[in-house]
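Text of upload-v1.txt, listed as compact mmCIF, C-alpha atoms and all ligand atoms:
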# COMPACT_ATOMS: atom_id res chain seq x y z
CA MET N 1 47.88 -0.98 -44.51
CA GLY N 2 44.55 -2.65 -43.64
CA PHE N 3 41.31 -0.65 -43.32
CA LYS N 4 41.38 -0.95 -39.52
CA ASN N 5 44.89 0.55 -39.29
CA PHE N 6 43.91 3.24 -41.80
CA ILE N 7 41.01 4.33 -39.58
CA ILE N 8 43.14 4.28 -36.43
CA ASN N 9 45.81 6.40 -38.10
CA LEU N 10 43.14 8.98 -38.99
CA ALA N 11 41.86 9.19 -35.42
CA PRO N 12 42.68 12.41 -33.58
CA THR N 13 45.42 12.00 -30.96
CA SER N 14 43.02 13.01 -28.16
CA LEU N 15 40.67 10.15 -29.10
CA VAL N 16 43.52 7.65 -29.32
CA GLN N 17 44.67 8.84 -25.90
CA VAL N 18 41.26 8.24 -24.32
CA PHE N 19 41.01 4.69 -25.67
CA ALA N 20 44.64 3.86 -25.00
CA ASN N 21 44.36 4.73 -21.31
CA PRO N 22 43.89 1.13 -20.12
CA TYR N 23 47.13 0.17 -21.91
CA VAL N 24 49.31 2.95 -20.48
CA ALA N 25 50.24 3.35 -16.80
CA GLY N 26 50.45 7.14 -16.83
CA ASP N 27 52.69 10.11 -17.50
CA SER N 28 55.34 9.75 -14.83
CA ILE N 29 57.82 7.35 -13.29
CA GLU N 30 55.85 7.54 -10.04
CA LYS N 31 52.63 6.43 -11.76
CA ALA N 32 54.39 3.58 -13.57
CA ILE N 33 55.95 2.30 -10.35
CA SER N 34 52.78 2.68 -8.34
CA THR N 35 50.85 0.73 -11.03
CA ALA N 36 53.44 -2.06 -10.99
CA LYS N 37 53.60 -2.09 -7.19
CA GLY N 38 49.81 -2.19 -7.04
CA PHE N 39 49.74 -5.30 -9.29
CA TRP N 40 52.28 -6.94 -7.01
CA ASP N 41 50.77 -5.96 -3.66
CA LYS N 42 47.21 -6.85 -4.64
CA ARG N 43 47.68 -9.90 -6.88
CA LYS N 44 51.35 -10.92 -6.87
CA ILE N 45 51.59 -10.00 -10.56
CA CYS N 46 55.03 -8.95 -11.79
CA SER N 47 55.62 -6.17 -14.33
CA THR N 48 58.05 -5.12 -16.98
CA ILE N 49 58.10 -1.32 -17.11
CA ASP N 50 58.70 0.33 -20.47
CA LEU N 51 59.21 3.97 -21.37
CA LEU N 52 57.20 4.49 -24.55
CA GLY N 53 59.03 5.92 -27.53
CA GLU N 54 60.56 4.59 -30.71
CA GLU N 55 62.13 5.73 -33.98
CA ILE N 56 64.04 8.46 -32.15
CA GLU N 57 66.54 9.98 -34.53
CA ASN N 58 68.29 12.70 -32.61
CA ASP N 59 70.87 12.50 -29.86
CA GLU N 60 69.09 14.88 -27.50
CA GLU N 61 66.03 12.67 -27.34
CA VAL N 62 68.22 9.62 -26.83
CA ASP N 63 69.90 11.41 -23.90
CA TYR N 64 66.48 12.28 -22.52
CA THR N 65 65.42 8.61 -22.78
CA VAL N 66 68.59 7.42 -21.04
CA GLY N 67 67.90 9.96 -18.29
CA VAL N 68 64.35 8.71 -17.76
CA TYR N 69 65.52 5.07 -17.56
CA SER N 70 68.20 6.11 -15.10
CA ARG N 71 65.65 7.86 -12.86
CA LEU N 72 63.29 4.90 -13.19
CA ILE N 73 66.00 2.44 -12.11
CA ASP N 74 66.95 4.56 -9.08
CA ALA N 75 63.32 5.07 -8.11
CA LEU N 76 62.65 1.32 -8.34
CA GLY N 77 65.69 0.54 -6.20
CA GLU N 78 66.02 -3.05 -4.99
CA GLN N 79 62.74 -4.88 -5.50
CA GLU N 80 61.41 -8.17 -6.78
CA PHE N 81 58.31 -7.26 -8.81
CA ALA N 82 59.56 -5.37 -11.88
CA THR N 83 61.95 -5.74 -14.78
CA ILE N 84 62.56 -3.07 -17.43
CA SER N 85 61.98 -3.24 -21.19
CA LEU N 86 63.59 -1.00 -23.80
CA LYS N 87 63.97 -0.64 -27.56
CA PRO N 88 66.99 -0.06 -29.84
CA THR N 89 65.22 2.72 -31.77
CA GLN N 90 64.82 4.80 -28.62
CA LEU N 91 68.46 4.35 -27.67
CA GLY N 92 70.75 5.28 -30.51
CA SER N 93 70.16 2.72 -33.28
CA HIS N 94 70.01 5.67 -35.73
CA ARG N 95 73.77 6.17 -35.23
CA SER N 96 75.20 2.63 -35.29
CA THR N 97 74.96 -0.79 -33.69
CA GLU N 98 78.04 -0.11 -31.59
CA HIS N 99 76.74 3.22 -30.31
CA CYS N 100 73.33 1.72 -29.48
CA GLN N 101 75.01 -1.20 -27.71
CA ASN N 102 77.08 1.17 -25.54
CA VAL N 103 74.01 3.18 -24.59
CA ILE N 104 72.00 0.07 -23.71
CA GLU N 105 74.89 -1.53 -21.83
CA GLY N 106 75.09 1.59 -19.64
CA ILE N 107 71.43 1.15 -18.66
CA VAL N 108 71.83 -2.61 -18.10
CA ALA N 109 74.89 -2.07 -15.86
CA HIS N 110 73.04 0.59 -13.84
CA ALA N 111 70.00 -1.69 -13.38
CA GLU N 112 72.23 -4.61 -12.43
CA LYS N 113 73.47 -2.73 -9.35
CA TYR N 114 69.95 -3.05 -7.92
CA GLY N 115 69.38 -6.59 -9.27
CA THR N 116 66.83 -5.30 -11.82
CA LYS N 117 66.68 -7.32 -15.03
CA VAL N 118 66.45 -5.68 -18.45
CA THR N 119 64.81 -6.98 -21.65
CA LEU N 120 65.58 -5.73 -25.15
CA ASP N 121 62.27 -5.60 -27.08
CA MET N 122 62.14 -6.68 -30.71
CA GLU N 123 60.97 -4.18 -33.32
CA ASP N 124 60.33 -4.75 -37.02
CA HIS N 125 62.45 -7.04 -39.25
CA THR N 126 64.87 -4.26 -40.23
CA LEU N 127 66.11 -4.29 -36.62
CA THR N 128 66.27 -8.05 -35.97
CA ASP N 129 69.97 -8.52 -36.78
CA MET N 130 71.00 -5.45 -34.82
CA THR N 131 68.86 -6.38 -31.81
CA LEU N 132 70.21 -9.94 -31.63
CA GLU N 133 73.80 -8.76 -32.08
CA ILE N 134 73.44 -6.23 -29.27
CA PHE N 135 71.74 -8.88 -27.12
CA ARG N 136 74.51 -11.46 -27.64
CA ASN N 137 77.28 -8.94 -26.96
CA ILE N 138 75.78 -7.49 -23.78
CA LYS N 139 74.65 -10.90 -22.49
CA GLN N 140 78.29 -12.04 -22.20
CA ASP N 141 78.93 -9.70 -19.26
CA HIS N 142 75.36 -9.33 -18.00
CA PRO N 143 73.84 -12.81 -17.66
CA THR N 144 70.28 -11.74 -16.78
CA PHE N 145 69.87 -9.58 -19.89
CA GLY N 146 66.97 -10.87 -22.02
CA THR N 147 65.45 -10.33 -25.44
CA VAL N 148 62.47 -11.15 -27.66
CA ILE N 149 61.86 -13.31 -30.71
CA GLN N 150 58.85 -13.36 -33.04
CA SER N 151 57.35 -16.57 -34.38
CA ARG N 152 55.92 -14.92 -37.51
CA LEU N 153 59.40 -14.40 -39.05
CA PHE N 154 60.68 -17.31 -41.16
CA ARG N 155 64.18 -16.66 -39.83
CA THR N 156 63.31 -17.37 -36.19
CA ASP N 157 64.17 -21.11 -36.22
CA GLU N 158 67.70 -20.16 -37.30
CA ASP N 159 67.84 -17.34 -34.75
CA ILE N 160 66.98 -19.80 -32.00
CA LYS N 161 69.86 -22.02 -33.16
CA SER N 162 72.15 -19.01 -32.98
CA LEU N 163 71.17 -18.48 -29.32
CA ALA N 164 72.13 -22.04 -28.33
CA GLY N 165 74.04 -22.32 -25.07
CA LEU N 166 73.14 -18.83 -23.84
CA ASN N 167 70.56 -19.99 -21.23
CA ALA N 168 68.70 -16.77 -21.82
CA ARG N 169 65.47 -15.13 -20.79
CA ILE N 170 63.64 -15.03 -24.09
CA ARG N 171 60.20 -13.50 -24.49
CA HIS N 172 58.50 -15.35 -27.29
CA CYS N 173 55.55 -13.78 -29.09
CA ILE N 174 53.97 -13.81 -32.55
CA GLY N 175 55.24 -10.26 -33.21
CA ILE N 176 53.16 -7.10 -33.53
CA TYR N 177 54.61 -5.66 -36.76
CA ASN N 178 53.01 -6.45 -40.11
CA GLU N 179 55.84 -7.97 -42.13
CA PRO N 180 56.12 -8.72 -45.89
CA LYS N 181 54.99 -12.15 -47.02
CA ASP N 182 58.39 -13.15 -48.41
CA ILE N 183 59.87 -13.08 -44.89
CA ALA N 184 56.96 -13.75 -42.56
CA MET N 185 53.79 -15.74 -42.01
CA GLN N 186 50.56 -13.87 -42.66
CA HIS N 187 48.05 -15.92 -40.66
CA LYS N 188 47.84 -15.83 -36.87
CA SER N 189 46.96 -19.53 -36.61
CA GLU N 190 50.27 -20.43 -38.32
CA MET N 191 52.24 -17.98 -36.14
CA LYS N 192 50.73 -19.47 -32.98
CA LYS N 193 51.42 -23.06 -34.07
CA LYS N 194 55.03 -22.05 -34.74
CA LEU N 195 55.25 -20.23 -31.43
CA LEU N 196 54.38 -23.44 -29.58
CA GLU N 197 56.91 -25.49 -31.57
CA GLN N 198 59.57 -22.92 -30.80
CA VAL N 199 58.68 -22.68 -27.10
CA GLU N 200 59.37 -26.42 -26.92
CA VAL N 201 62.80 -25.88 -28.53
CA LEU N 202 63.56 -23.03 -26.11
CA PHE N 203 62.80 -25.32 -23.15
CA LYS N 204 64.93 -28.12 -24.57
CA GLU N 205 67.84 -25.75 -25.15
CA GLY N 206 67.83 -24.54 -21.54
CA HIS N 207 66.38 -21.08 -22.06
CA TYR N 208 63.81 -19.40 -19.81
CA PRO N 209 60.84 -18.77 -22.12
CA GLU N 210 58.58 -15.84 -21.36
CA ILE N 211 55.44 -16.69 -23.27
CA GLY N 212 53.89 -13.41 -24.44
CA THR N 213 50.34 -13.97 -25.64
CA HIS N 214 46.70 -13.41 -24.62
CA ASP N 215 45.49 -16.53 -26.39
CA LYS N 216 44.37 -18.89 -23.62
CA ALA N 217 44.52 -21.96 -25.87
CA VAL N 218 48.14 -21.17 -26.77
CA LEU N 219 49.04 -20.56 -23.12
CA ASP N 220 47.35 -23.77 -21.97
CA GLU N 221 49.27 -25.71 -24.60
CA ALA N 222 52.58 -24.02 -23.70
CA ILE N 223 52.01 -25.02 -20.08
CA ASN N 224 51.24 -28.61 -21.21
CA ILE N 225 54.55 -28.62 -23.08
CA ALA N 226 56.37 -27.40 -19.95
CA GLU N 227 54.76 -30.14 -17.87
CA ARG N 228 55.46 -32.84 -20.45
CA LEU N 229 59.13 -31.79 -20.41
CA ASN N 230 59.15 -31.83 -16.59
CA MET N 231 59.94 -28.13 -16.38
CA LYS N 232 59.55 -26.58 -12.95
CA LYS N 233 57.20 -23.63 -12.60
CA ASP N 234 60.12 -21.29 -12.05
CA GLN N 235 61.64 -22.21 -15.42
CA TYR N 236 59.24 -20.09 -17.48
CA GLU N 237 56.68 -17.31 -17.18
CA VAL N 238 53.61 -15.90 -18.90
CA GLN N 239 53.53 -12.30 -20.08
CA MET N 240 50.58 -10.14 -21.12
CA LEU N 241 49.93 -6.50 -21.81
CA MET N 242 48.45 -4.32 -19.12
CA GLY N 243 44.93 -3.36 -20.19
CA VAL N 244 43.90 -6.60 -21.89
CA PRO N 245 41.09 -7.87 -19.68
CA MET N 246 42.28 -11.30 -18.57
CA GLY N 247 42.44 -10.86 -14.79
CA ASP N 248 40.65 -14.10 -13.82
CA TYR N 249 42.89 -16.21 -16.03
CA GLN N 250 46.00 -14.46 -14.69
CA ASP N 251 44.90 -15.03 -11.09
CA GLN N 252 44.35 -18.71 -11.87
CA LEU N 253 47.88 -19.03 -13.28
CA ILE N 254 49.34 -17.35 -10.20
CA LYS N 255 47.32 -19.68 -7.95
CA ASN N 256 48.90 -22.57 -9.86
CA GLY N 257 52.38 -21.21 -9.10
CA ILE N 258 53.16 -19.71 -12.53
CA CYS N 259 54.70 -16.24 -12.72
CA VAL N 260 52.61 -13.73 -14.67
CA ARG N 261 54.25 -10.50 -15.79
CA LEU N 262 52.43 -7.52 -17.31
CA TYR N 263 53.94 -5.04 -19.76
CA VAL N 264 53.49 -1.67 -18.01
CA PRO N 265 54.28 1.20 -20.39
CA PHE N 266 54.39 4.86 -19.44
CA ALA N 267 55.35 8.11 -21.16
CA GLU N 268 56.24 11.48 -19.70
CA LYS N 269 55.23 13.05 -23.01
CA TRP N 270 52.12 11.67 -24.76
CA VAL N 271 53.68 12.15 -28.21
CA TYR N 272 55.97 9.19 -27.45
CA ALA N 273 53.01 6.96 -26.62
CA THR N 274 51.04 7.46 -29.82
CA ALA N 275 52.61 4.73 -32.00
CA TYR N 276 52.28 2.16 -29.21
CA ALA N 277 48.71 3.16 -28.45
CA LYS N 278 47.72 2.89 -32.12
CA ARG N 279 49.17 -0.62 -32.35
CA ARG N 280 47.20 -1.65 -29.26
CA LEU N 281 44.00 -0.21 -30.67
CA ALA N 282 44.55 -2.02 -33.96
CA ALA N 283 44.67 -5.26 -31.95
CA ASN N 284 41.34 -4.47 -30.33
CA PRO N 285 38.55 -4.62 -32.94
CA ALA N 286 35.83 -3.31 -30.60
CA MET N 287 37.72 -0.06 -30.01
CA ALA N 288 38.65 0.26 -33.69
CA ILE N 289 34.94 0.07 -34.61
CA TYR N 290 34.13 2.72 -31.99
CA ILE N 291 36.80 5.02 -33.43
CA ALA N 292 35.48 4.49 -36.96
CA LYS N 293 31.94 5.44 -35.82
CA ASN N 294 33.23 8.47 -33.99
CA LEU N 295 35.14 9.64 -37.07
CA VAL N 296 32.08 9.23 -39.29
CA GLN N 297 30.04 11.27 -36.80
CA LYS N 298 32.68 14.01 -36.83
CA ILE N 299 32.83 14.08 -40.62
CA THR N 300 29.06 14.03 -41.16
CA GLY N 301 28.27 16.17 -38.14
CA LYS N 302 25.63 13.59 -37.09
CA LYS N 303 25.32 12.30 -33.52
C1 LIG I 1 54.41 -8.74 -22.59
C2 LIG I 1 54.41 -8.62 -24.08
C3 LIG I 1 55.49 -8.06 -24.72
C4 LIG I 1 55.53 -7.98 -26.10
N1 LIG I 1 56.66 -7.53 -26.72
C5 LIG I 1 56.71 -7.52 -28.05
C6 LIG I 1 57.92 -7.18 -28.74
O1 LIG I 1 58.96 -6.89 -28.14
N2 LIG I 1 57.90 -7.17 -30.10
C7 LIG I 1 56.78 -7.51 -30.82
O2 LIG I 1 56.84 -7.50 -32.04
N3 LIG I 1 55.63 -7.83 -30.19
C8 LIG I 1 55.57 -7.84 -28.85
N4 LIG I 1 54.39 -8.19 -28.23
C9 LIG I 1 53.14 -8.31 -29.02
C10 LIG I 1 52.87 -9.71 -29.50
O3 LIG I 1 53.83 -10.06 -30.46
C11 LIG I 1 51.47 -9.81 -30.13
O4 LIG I 1 51.36 -8.96 -31.20
C12 LIG I 1 50.33 -9.51 -29.18
O5 LIG I 1 50.57 -10.12 -27.93
C13 LIG I 1 49.00 -10.04 -29.74
O6 LIG I 1 49.10 -11.41 -30.05
P1 LIG I 1 48.44 -12.58 -29.18
O7 LIG I 1 49.38 -13.74 -29.20
O8 LIG I 1 48.01 -12.09 -27.86
O9 LIG I 1 47.22 -13.09 -30.05
P2 LIG I 1 45.92 -12.34 -30.54
O10 LIG I 1 45.20 -13.33 -31.37
O11 LIG I 1 46.27 -11.03 -31.17
O12 LIG I 1 45.13 -12.03 -29.21
C14 LIG I 1 44.42 -13.05 -28.50
C15 LIG I 1 43.22 -12.42 -27.83
O13 LIG I 1 43.68 -11.47 -26.85
C16 LIG I 1 42.85 -10.34 -26.82
N5 LIG I 1 43.63 -9.16 -27.15
C17 LIG I 1 44.84 -9.11 -27.76
N6 LIG I 1 45.27 -7.84 -27.85
C18 LIG I 1 44.32 -7.08 -27.29
C19 LIG I 1 44.15 -5.69 -27.05
N7 LIG I 1 45.10 -4.81 -27.40
N8 LIG I 1 43.03 -5.25 -26.42
C20 LIG I 1 42.06 -6.11 -26.01
N9 LIG I 1 42.16 -7.45 -26.22
C21 LIG I 1 43.25 -7.91 -26.84
C22 LIG I 1 41.75 -10.57 -27.81
O14 LIG I 1 40.66 -11.17 -27.15
C23 LIG I 1 42.35 -11.57 -28.76
O15 LIG I 1 41.38 -12.34 -29.41
C24 LIG I 1 54.37 -8.36 -26.85
C25 LIG I 1 53.27 -8.92 -26.20
C26 LIG I 1 53.27 -9.07 -24.85
C27 LIG I 1 52.09 -9.69 -24.19

What would you get if you wrote out this structure as structure tokens?
Amino acid sequence: MGFKNFIINLAPTSLVQVFANPYVAGDSIEKAISTAKGFWDKRKICSTIDLLGEEIENDEEVDYTVGVYSRLIDALGEQEFATISLKPTQLGSHRSTEHCQNVIEGIVAHAEKYGTKVTLDMEDHTLTDMTLEIFRNIKQDHPTFGTVIQSRLFRTDEDIKSLAGLNARIRHCIGIYNEPKDIAMQHKSEMKKKLLEQVEVLFKEGHYPEIGTHDKAVLDEAINIAERLNMKKDQYEVQMLMGVPMGDYQDQLIKNGICVRLYVPFAEKWVYATAYAKRRLAANPAMAIYIAKNLVQKITGKK
């Protein structure tokens, strides 16, 4: 664990909550939907709404999570501005791949009745095989189901080959989880170079890439690749996290006819949001420094 992550892990939950506020839509389905609807009504920005929570290892909490997704889907109804994102470790991966697949398929089938698309997020490397297996199996009967790949993992070129012919919605990102050096790149510049190479392959193989990054240079280059390959603007999209301040750039993309989708997470119980919030803070050096200063002040009693 790096020093930055060490400091963030020490931070009191209340402090994390204050700084994570820009990254989280609120503590209810209503707040999540009104945030997403606000993005759409004001700026024509789409959303993917995510119930925060991961590493759930008991059936009651899985049932609770399924219930929240079910209420979210009904409350969204038929609409054009939001998809839904979810994770295997909030939906039964602790039991078995088959069980998790059944749980997720239930949610996907429910969402499909309203025309709402669902994306299966990618967690750390211990879940990659399971996530892709569940994705492939559910995709057969639910064509709009999508998933995520991570350019930092050495295996991803092979994973892309294994998705050939599926014409899938695939969010492509560098990956947020620190992974061991025998299986993953360690430098962001390498991960981003690879991401661009792989976006080109995704286009050529007929997938719908959802390019998930806040790096303008990477996005500009991905759009150049799309144009060089004569892709239409409805054959890909750009995704960013709510809370990362890139509004002007997003508005410019939308003006140019490119779909921009924000990740809009919410949690009915803050405890489920903590791991996500800490990862976001670790990606934001300015906030990490502020937390470090605040901790030192608390420890030394100095203002
Ligand atoms: C919509 C979406 C969904 C994602 N889903 C997954 C997933 O399923 N699995 C997974 O492993 N990863 C996921 N990620 C995370 C992704 O893999 C990266 O870790 C994350 O996007 C940061 O990488 P970057 O490409 O933006 O580059 P970076 O170099 O990290 O960021 C580029 C610039 O963006 C700004 N920035 C980035 N993050 C923040 C922040 N939190 N606060 C303020 N500024 C910031 C900074 O200015 C930074 O210099 C997702 C990302 C997005 C946008």

Check your understanding: By how many Å are CA of Asp157 (chain N) and CA of Ala226 (chain N) apart?
Key ->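 So the two atoms, CA of Asp157 (chain N) and CA of Ala226 (chain N), lie 19.1 Å apart.
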
Check your understanding: Using all atoms listed in the file, which of N:Glu200, N:Glu105, N:Glu133, N:Glu210 sits nearest ligand LIG 1 (chain I)?
Key ->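 Selected residue with least distance to ligand LIG 1 (chain I): N:Glu210.
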
Practice item. Dump the neighbourhood of ligand LIG 1 (chain I) as a list of chain:residue names: all residues within 6 Å, distances computed on all atoms listed in the file. Key: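 After applying the 6 Å limit, what remains is N:Asp121, N:Met122, N:Glu123, N:Val148, N:Cys173, N:Ile174, N:Gly175, N:Ile176, N:Tyr177, N:Gly212, N:Thr213, N:His214, N:Asp215, N:Gln239, N:Met240, N:Leu241, N:Val244, N:Leu262, N:Tyr263, N:Arg280, N:Leu281, N:Ala283, N:Asn284.
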
Check your understanding: Could you list as a ChimeraX atom specification every residue that has an atom within 12 Å of (70.0, -3.0, -36.2), using the file's coordinates and counting only C-alpha atoms?
Key -> /N:55,87-89,91-101,122-135

Practice item. Would you list the contacts of Arg43 (chain N) as a VMD selection string, taking every protein, DNA or RNA residue within 12 Å and counting all atoms listed in the file, but skipping same-chain residues closer than 4 positions in sequence? Key: chain N and resid 35 to 39 47 81 247 to 248 250 to 255 259 to 262

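Of the listed residues N:Met231, N:Leu195, N:Val62, N:Ile56, the one whose atoms come nearest to Ile104 (chain N) is N:Val62, with distances taken using only C-alpha atoms.
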
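In this model, the gap between CA of Tyr23 (chain N) and CA of Pro265 (chain N) comes to 7.4 Å.
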
Exercise for review: Find the distance between CA of Lys194 (chain N) and CA of Glu227 (chain N) and write it in Å to one decimal.
Suggested key: 18.7 Å
